[in-house]
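Okay, input27.cif is below, mmCIF, C-alpha atoms, pLDDT in the B column; chains and numbers go by the auth columns:
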data_upload
#
loop_
_atom_site.group_PDB
_atom_site.id
_atom_site.type_symbol
_atom_site.label_atom_id
_atom_site.label_comp_id
_atom_site.label_asym_id
_atom_site.label_seq_id
_atom_site.Cartn_x
_atom_site.Cartn_y
_atom_site.Cartn_z
_atom_site.B_iso_or_equiv
_atom_site.auth_seq_id
_atom_site.auth_asym_id
ATOM 1 C CA MET A 1 0.000 0.000 0.000 73.00 1 A
ATOM 2 C CA SER A 2 1.179 3.507 -0.721 94.00 2 A
ATOM 3 C CA ARG A 3 1.319 6.390 1.667 98.00 3 A
ATOM 4 C CA VAL A 4 -1.298 9.115 1.285 98.00 4 A
ATOM 5 C CA ALA A 5 -0.426 12.811 1.337 98.00 5 A
ATOM 6 C CA LEU A 6 -2.799 15.681 1.825 97.00 6 A
ATOM 7 C CA VAL A 7 -2.059 19.290 0.854 98.00 7 A
ATOM 8 C CA VAL A 8 -4.568 21.849 2.050 98.00 8 A
ATOM 9 C CA GLN A 9 -4.490 25.564 1.236 98.00 9 A
ATOM 10 C CA MET A 10 -6.534 27.558 3.690 98.00 10 A
ATOM 11 C CA ASP A 11 -7.192 31.252 3.180 98.00 11 A
ATOM 12 C CA MET A 12 -7.638 32.836 6.588 98.00 12 A
ATOM 13 C CA LYS A 13 -9.758 35.868 7.288 98.00 13 A
ATOM 14 C CA PRO A 14 -7.199 38.509 8.352 98.00 14 A
ATOM 15 C CA GLU A 15 -8.870 39.182 11.689 98.00 15 A
ATOM 16 C CA HIS A 16 -8.487 35.505 12.663 98.00 16 A
ATOM 17 C CA ARG A 17 -4.972 34.926 11.297 98.00 17 A
ATOM 18 C CA ASP A 18 -3.018 34.523 14.556 97.00 18 A
ATOM 19 C CA GLU A 19 -5.708 32.490 16.280 98.00 19 A
ATOM 20 C CA PHE A 20 -6.113 30.184 13.289 98.00 20 A
ATOM 21 C CA ILE A 21 -2.366 29.577 13.002 98.00 21 A
ATOM 22 C CA ALA A 22 -2.248 28.614 16.683 98.00 22 A
ATOM 23 C CA ILE A 23 -5.163 26.205 16.231 98.00 23 A
ATOM 24 C CA MET A 24 -3.505 24.519 13.260 98.00 24 A
ATOM 25 C CA ARG A 25 -0.131 24.193 14.975 98.00 25 A
ATOM 26 C CA LYS A 26 -1.783 22.532 17.966 98.00 26 A
ATOM 27 C CA HIS A 27 -3.802 20.281 15.648 98.00 27 A
ATOM 28 C CA ALA A 28 -0.646 19.123 13.855 98.00 28 A
ATOM 29 C CA GLU A 29 1.082 18.346 17.155 98.00 29 A
ATOM 30 C CA ASN A 30 -1.977 16.432 18.333 97.00 30 A
ATOM 31 C CA CYS A 31 -2.274 14.365 15.157 98.00 31 A
ATOM 32 C CA LEU A 32 1.373 13.351 15.340 98.00 32 A
ATOM 33 C CA ALA A 33 1.011 12.438 19.018 98.00 33 A
ATOM 34 C CA VAL A 34 -2.224 10.434 18.927 97.00 34 A
ATOM 35 C CA GLU A 35 -2.497 9.057 15.398 98.00 35 A
ATOM 36 C CA GLU A 36 -0.208 6.113 14.828 96.00 36 A
ATOM 37 C CA GLY A 37 -0.704 6.386 11.061 98.00 37 A
ATOM 38 C CA CYS A 38 0.134 10.096 10.796 98.00 38 A
ATOM 39 C CA VAL A 39 3.806 10.103 9.843 97.00 39 A
ATOM 40 C CA TYR A 40 4.291 13.775 8.901 97.00 40 A
ATOM 41 C CA PHE A 41 2.336 16.981 9.447 98.00 41 A
ATOM 42 C CA ASP A 42 3.667 20.437 8.565 98.00 42 A
ATOM 43 C CA VAL A 43 1.952 23.786 8.968 98.00 43 A
ATOM 44 C CA ALA A 44 3.355 26.459 6.646 98.00 44 A
ATOM 45 C CA LEU A 45 2.617 30.025 5.608 98.00 45 A
ATOM 46 C CA SER A 46 2.610 31.089 1.982 97.00 46 A
ATOM 47 C CA ARG A 47 5.279 33.570 0.938 97.00 47 A
ATOM 48 C CA ASP A 48 2.986 34.893 -1.805 97.00 48 A
ATOM 49 C CA HIS A 49 -0.263 35.354 0.136 96.00 49 A
ATOM 50 C CA ASP A 50 -0.203 36.882 3.629 95.00 50 A
ATOM 51 C CA ASN A 51 -3.302 35.062 4.799 98.00 51 A
ATOM 52 C CA ARG A 52 -2.752 31.642 3.226 98.00 52 A
ATOM 53 C CA LEU A 53 -1.806 28.701 5.416 98.00 53 A
ATOM 54 C CA VAL A 54 -0.757 25.393 3.879 98.00 54 A
ATOM 55 C CA LEU A 55 -0.955 22.007 5.565 98.00 55 A
ATOM 56 C CA TYR A 56 1.161 19.101 4.349 98.00 56 A
ATOM 57 C CA GLU A 57 0.161 15.788 5.909 98.00 57 A
ATOM 58 C CA VAL A 58 1.405 12.258 5.208 98.00 58 A
ATOM 59 C CA TYR A 59 -0.391 9.125 6.364 98.00 59 A
ATOM 60 C CA ARG A 60 0.951 5.561 6.430 98.00 60 A
ATOM 61 C CA ASP A 61 -1.829 4.333 4.105 97.00 61 A
ATOM 62 C CA GLN A 62 -5.449 4.895 3.117 96.00 62 A
ATOM 63 C CA ALA A 63 -6.725 3.287 6.330 97.00 63 A
ATOM 64 C CA ALA A 64 -4.671 5.724 8.438 98.00 64 A
ATOM 65 C CA TRP A 65 -6.017 8.672 6.466 96.00 65 A
ATOM 66 C CA ASP A 66 -9.575 7.338 6.826 97.00 66 A
ATOM 67 C CA ASP A 67 -9.016 7.092 10.601 97.00 67 A
ATOM 68 C CA HIS A 68 -7.794 10.686 10.655 97.00 68 A
ATOM 69 C CA ALA A 69 -10.771 11.909 8.617 96.00 69 A
ATOM 70 C CA ALA A 70 -13.198 10.199 11.027 97.00 70 A
ATOM 71 C CA SER A 71 -11.406 11.212 14.230 97.00 71 A
ATOM 72 C CA PRO A 72 -13.226 13.158 16.940 97.00 72 A
ATOM 73 C CA HIS A 73 -10.243 15.489 17.380 96.00 73 A
ATOM 74 C CA LEU A 74 -10.426 16.544 13.718 97.00 74 A
ATOM 75 C CA ALA A 75 -14.136 17.300 14.105 97.00 75 A
ATOM 76 C CA LYS A 76 -13.406 19.311 17.258 97.00 76 A
ATOM 77 C CA THR A 77 -10.653 21.262 15.494 98.00 77 A
ATOM 78 C CA ARG A 78 -12.949 22.091 12.589 97.00 78 A
ATOM 79 C CA GLU A 79 -15.586 23.352 15.018 98.00 79 A
ATOM 80 C CA SER A 80 -13.009 25.557 16.735 98.00 80 A
ATOM 81 C CA TYR A 81 -12.151 27.468 13.557 98.00 81 A
ATOM 82 C CA GLU A 82 -15.633 27.736 12.077 97.00 82 A
ATOM 83 C CA GLY A 83 -16.029 31.122 10.401 98.00 83 A
ATOM 84 C CA MET A 84 -12.273 31.869 10.298 98.00 84 A
ATOM 85 C CA LEU A 85 -11.669 30.897 6.662 98.00 85 A
ATOM 86 C CA ALA A 86 -12.296 32.761 3.430 98.00 86 A
ATOM 87 C CA GLY A 87 -11.543 29.671 1.331 98.00 87 A
ATOM 88 C CA ARG A 88 -10.049 26.189 1.301 98.00 88 A
ATOM 89 C CA GLU A 89 -8.629 23.839 -1.337 98.00 89 A
ATOM 90 C CA ARG A 90 -7.563 20.248 -0.743 97.00 90 A
ATOM 91 C CA ILE A 91 -5.410 17.922 -2.847 98.00 91 A
ATOM 92 C CA VAL A 92 -4.987 14.240 -1.971 96.00 92 A
ATOM 93 C CA VAL A 93 -2.182 12.239 -3.586 96.00 93 A
ATOM 94 C CA ASP A 94 -0.715 8.747 -3.365 96.00 94 A
ATOM 95 C CA ILE A 95 3.020 8.618 -2.682 95.00 95 A
ATOM 96 C CA PHE A 96 4.928 5.945 -4.605 89.00 96 A
#
Translate the structure of the given file into structure tokens.
Amino acid sequence: MSRVALVVQMDMKPEHRDEFIAIMRKHAENCLAVEEGCVYFDVALSRDHDNRLVLYEVYRDQAAWDDHAASPHLAKTRESYEGMLAGRERIVVDIF
């Protein structure tokens, strides 16, 4: 089975920028700590767009990514940033 990577671009509303970054950093730390199948999770800021945050996540396999997607802590994180985004784009890829 191949690893699964997720790249998410999230455009933050400027008034929520600092709070949203803190939420995402904590979320990344939590995923790495509690999800056995989460092997890599970076939180980055775009150099080209002041309010764009990029997540780069790698999961051991499809089952690990499915577990992440269904996790209660992901749902809780999403609730915590409701209304803070102006847009979001997600790309899922298989790593060979």
Top pick for closest residue to Val8 in chain A, considering A:Ala28, A:Leu74, A:Cys38, A:Val54 and counting all atoms listed in the file = A:Val54
query = Between CA of Val7 in chain A and CA of Ile21 in chain A, what is the spacing in Å?
reply =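 One can read the CA of Ile21 in chain A to CA of Val7 in chain A distance as 15.9 Å.
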ask   = Looking at A:Asp11, A:Asp18, A:Glu35, A:Glu82, which one is nearest to Ala70 in chain A, with distances taken over only C-alpha atoms?
value =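 Checking each of A:Asp11, A:Asp18, A:Glu35, A:Glu82 against Ala70 in chain A, counting only C-alpha atoms, the winner is A:Glu35.
Those residues returned by the PyMOL selection byres ((chain A and resi 9) around 10) for this file are A:Val7, A:Val8, A:Met10, A:Asp11, A:Met12, A:Ala44, A:Leu45, A:Ser46, A:Arg52, A:Leu53, A:Val54, A:Leu55, A:Tyr56, A:Gly87, A:Arg88, A:Glu89, A:Arg90, A:Ile91.
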Can I get the selected residues back with C-alpha atoms, as a short mmCIF file (atom, residue, chain, number, x, y, z; two decimals), in the frame of the given file?
data_model
loop_
_atom_site.label_atom_id
_atom_site.label_comp_id
_atom_site.auth_asym_id
_atom_site.auth_seq_id
_atom_site.Cartn_x
_atom_site.Cartn_y
_atom_site.Cartn_z
CA VAL A 7 -2.06 19.29 0.85
CA VAL A 8 -4.57 21.85 2.05
CA MET A 10 -6.53 27.56 3.69
CA ASP A 11 -7.19 31.25 3.18
CA MET A 12 -7.64 32.84 6.59
CA ALA A 44 3.36 26.46 6.65
CA LEU A 45 2.62 30.02 5.61
CA SER A 46 2.61 31.09 1.98
CA ARG A 52 -2.75 31.64 3.23
CA LEU A 53 -1.81 28.70 5.42
CA VAL A 54 -0.76 25.39 3.88
CA LEU A 55 -0.96 22.01 5.56
CA TYR A 56 1.16 19.10 4.35
CA GLY A 87 -11.54 29.67 1.33
CA ARG A 88 -10.05 26.19 1.30
CA GLU A 89 -8.63 23.84 -1.34
CA ARG A 90 -7.56 20.25 -0.74
CA ILE A 91 -5.41 17.92 -2.85
#
key: Ile95 in chain A surroundings by all atoms listed in the file, 7 Å radius, close-in-sequence under 5 positions cut, as a PyMOL selection string   = chain A and resi 2-5
task = For CA of Val39 in chain A and CA of Phe96 in chain A, quote the distance in Å rounded to one decimal.
result =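 Those two atoms sit 15.1 Å apart.
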inquiry  = Within 7 Å of (-11.8, 35.9, 7.7) (file coordinates; only C-alpha atoms), which protein or nucleic acid residues are there? I'd like them as number ranges by chain.
reply    = A: 12-16, 83-86
message = To one decimal place in Å, what is the distance between CA of Arg17 in chain A and CA of Thr77 in chain A?
response =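 CA of Arg17 in chain A sits 15.4 Å away from CA of Thr77 in chain A.
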key: Selected residue of minimal separation from Lys26 in chain A among A:Ser80, A:His68, A:His49, A:Ala63, counting only C-alpha atoms   = A:Ser80
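Near Ser71 in chain A, within 12 Å and counting only C-alpha atoms, sit His27, Asn30, Cys31, Val34, Glu35, Ala64, Trp65, Asp66, Asp67, His68, Leu74, Ala75, Lys76, Thr77 and Arg78 of chain A; same-chain residues fewer than 3 positions away were not included.
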ask   = Do you know which residues lie at most 6 Å from (0.8, 6.8, 5.4), with coordinates as in the file and only C-alpha atoms counted, and could you write them as a ChimeraX atom specification?
value = /A:3-4,37,58-61
message = Given all atoms listed in the file as the basis, pick out the residue of A:Gln62, A:Asn51, A:His73, A:Val92 nearest to Glu29 in chain A.
response =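 Smallest distance to Glu29 in chain A is found for A:His73.
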Emit range 33-67 of chain A of the structure in the block as a file comprising N, CA, C and O atoms, as a short mmCIF file (atom, residue, chain, number, x, y, z; two decimals), in the first residue's frame.
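Output file out-v5.cif follows:
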data_model
loop_
_atom_site.label_atom_id
_atom_site.label_comp_id
_atom_site.auth_asym_id
_atom_site.auth_seq_id
_atom_site.Cartn_x
_atom_site.Cartn_y
_atom_site.Cartn_z
N ALA A 33 0.92 13.10 17.71
CA ALA A 33 1.01 12.44 19.02
C ALA A 33 0.02 11.29 19.17
O ALA A 33 0.36 10.26 19.77
N VAL A 34 -1.19 11.43 18.64
CA VAL A 34 -2.22 10.43 18.93
C VAL A 34 -2.58 9.53 17.76
O VAL A 34 -3.22 8.49 17.97
N GLU A 35 -2.17 9.88 16.56
CA GLU A 35 -2.50 9.06 15.40
C GLU A 35 -1.27 8.26 14.96
O GLU A 35 -0.33 8.83 14.41
N GLU A 36 -1.31 6.98 15.19
CA GLU A 36 -0.21 6.11 14.83
C GLU A 36 0.12 6.19 13.33
O GLU A 36 1.27 6.08 12.93
N GLY A 37 -0.89 6.38 12.50
CA GLY A 37 -0.70 6.39 11.06
C GLY A 37 -0.33 7.73 10.47
O GLY A 37 -0.06 7.82 9.27
N CYS A 38 -0.29 8.77 11.28
CA CYS A 38 0.13 10.10 10.80
C CYS A 38 1.65 10.16 10.93
O CYS A 38 2.18 10.21 12.03
N VAL A 39 2.35 10.15 9.80
CA VAL A 39 3.81 10.10 9.84
C VAL A 39 4.47 11.46 9.64
O VAL A 39 5.66 11.62 9.94
N TYR A 40 3.71 12.46 9.16
CA TYR A 40 4.29 13.77 8.90
C TYR A 40 3.16 14.79 8.85
O TYR A 40 2.12 14.52 8.26
N PHE A 41 3.37 15.95 9.47
CA PHE A 41 2.34 16.98 9.45
C PHE A 41 3.01 18.33 9.62
O PHE A 41 3.49 18.67 10.69
N ASP A 42 3.08 19.09 8.53
CA ASP A 42 3.67 20.44 8.56
C ASP A 42 2.59 21.50 8.42
O ASP A 42 1.62 21.31 7.67
N VAL A 43 2.80 22.60 9.10
CA VAL A 43 1.95 23.79 8.97
C VAL A 43 2.87 24.88 8.42
O VAL A 43 3.92 25.16 9.01
N ALA A 44 2.50 25.48 7.29
CA ALA A 44 3.36 26.46 6.65
C ALA A 44 2.55 27.69 6.23
O ALA A 44 1.33 27.61 6.04
N LEU A 45 3.24 28.79 6.09
CA LEU A 45 2.62 30.03 5.61
C LEU A 45 3.15 30.34 4.21
O LEU A 45 4.34 30.22 3.94
N SER A 46 2.25 30.74 3.34
CA SER A 46 2.61 31.09 1.98
C SER A 46 3.46 32.36 1.97
O SER A 46 3.17 33.32 2.70
N ARG A 47 4.47 32.36 1.13
CA ARG A 47 5.28 33.57 0.94
C ARG A 47 4.57 34.57 0.02
O ARG A 47 4.87 35.75 0.03
N ASP A 48 3.65 34.06 -0.80
CA ASP A 48 2.99 34.89 -1.80
C ASP A 48 1.67 35.50 -1.35
O ASP A 48 1.19 36.45 -1.95
N HIS A 49 1.05 34.90 -0.33
CA HIS A 49 -0.26 35.35 0.14
C HIS A 49 -0.22 35.44 1.66
O HIS A 49 -0.11 34.41 2.34
N ASP A 50 -0.34 36.66 2.18
CA ASP A 50 -0.20 36.88 3.63
C ASP A 50 -1.14 36.05 4.49
O ASP A 50 -0.80 35.70 5.61
N ASN A 51 -2.30 35.75 3.98
CA ASN A 51 -3.30 35.06 4.80
C ASN A 51 -3.58 33.64 4.33
O ASN A 51 -4.65 33.11 4.58
N ARG A 52 -2.59 33.03 3.68
CA ARG A 52 -2.75 31.64 3.23
C ARG A 52 -1.86 30.72 4.06
O ARG A 52 -0.65 30.89 4.14
N LEU A 53 -2.50 29.74 4.65
CA LEU A 53 -1.81 28.70 5.42
C LEU A 53 -1.88 27.41 4.62
O LEU A 53 -2.90 27.14 3.98
N VAL A 54 -0.80 26.64 4.63
CA VAL A 54 -0.76 25.39 3.88
C VAL A 54 -0.42 24.25 4.84
O VAL A 54 0.54 24.34 5.61
N LEU A 55 -1.22 23.21 4.79
CA LEU A 55 -0.95 22.01 5.56
C LEU A 55 -0.40 20.95 4.63
O LEU A 55 -0.89 20.79 3.51
N TYR A 56 0.63 20.23 5.09
CA TYR A 56 1.16 19.10 4.35
C TYR A 56 1.17 17.93 5.31
O TYR A 56 1.89 17.95 6.31
N GLU A 57 0.35 16.93 5.01
CA GLU A 57 0.16 15.79 5.91
C GLU A 57 0.47 14.50 5.15
O GLU A 57 0.10 14.37 3.99
N VAL A 58 1.13 13.56 5.81
CA VAL A 58 1.41 12.26 5.21
C VAL A 58 0.91 11.18 6.17
O VAL A 58 1.22 11.21 7.36
N TYR A 59 0.16 10.24 5.60
CA TYR A 59 -0.39 9.12 6.36
C TYR A 59 0.17 7.81 5.84
O TYR A 59 0.44 7.67 4.66
N ARG A 60 0.35 6.86 6.73
CA ARG A 60 0.95 5.56 6.43
C ARG A 60 0.27 4.88 5.24
O ARG A 60 0.93 4.30 4.38
N ASP A 61 -1.06 4.97 5.17
CA ASP A 61 -1.83 4.33 4.11
C ASP A 61 -3.24 4.91 4.11
O ASP A 61 -3.56 5.79 4.92
N GLN A 62 -4.08 4.41 3.22
CA GLN A 62 -5.45 4.90 3.12
C GLN A 62 -6.22 4.69 4.42
O GLN A 62 -6.98 5.56 4.85
N ALA A 63 -6.02 3.56 5.07
CA ALA A 63 -6.72 3.29 6.33
C ALA A 63 -6.36 4.32 7.40
O ALA A 63 -7.24 4.78 8.14
N ALA A 64 -5.10 4.71 7.46
CA ALA A 64 -4.67 5.72 8.44
C ALA A 64 -5.31 7.08 8.13
O ALA A 64 -5.72 7.81 9.03
N TRP A 65 -5.38 7.41 6.83
CA TRP A 65 -6.02 8.67 6.47
C TRP A 65 -7.51 8.63 6.76
O TRP A 65 -8.09 9.60 7.24
N ASP A 66 -8.15 7.48 6.50
CA ASP A 66 -9.58 7.34 6.83
C ASP A 66 -9.80 7.51 8.32
O ASP A 66 -10.77 8.16 8.74
N ASP A 67 -8.91 6.94 9.14
CA ASP A 67 -9.02 7.09 10.60
C ASP A 67 -8.90 8.55 10.99
O ASP A 67 -9.64 9.05 11.85
#
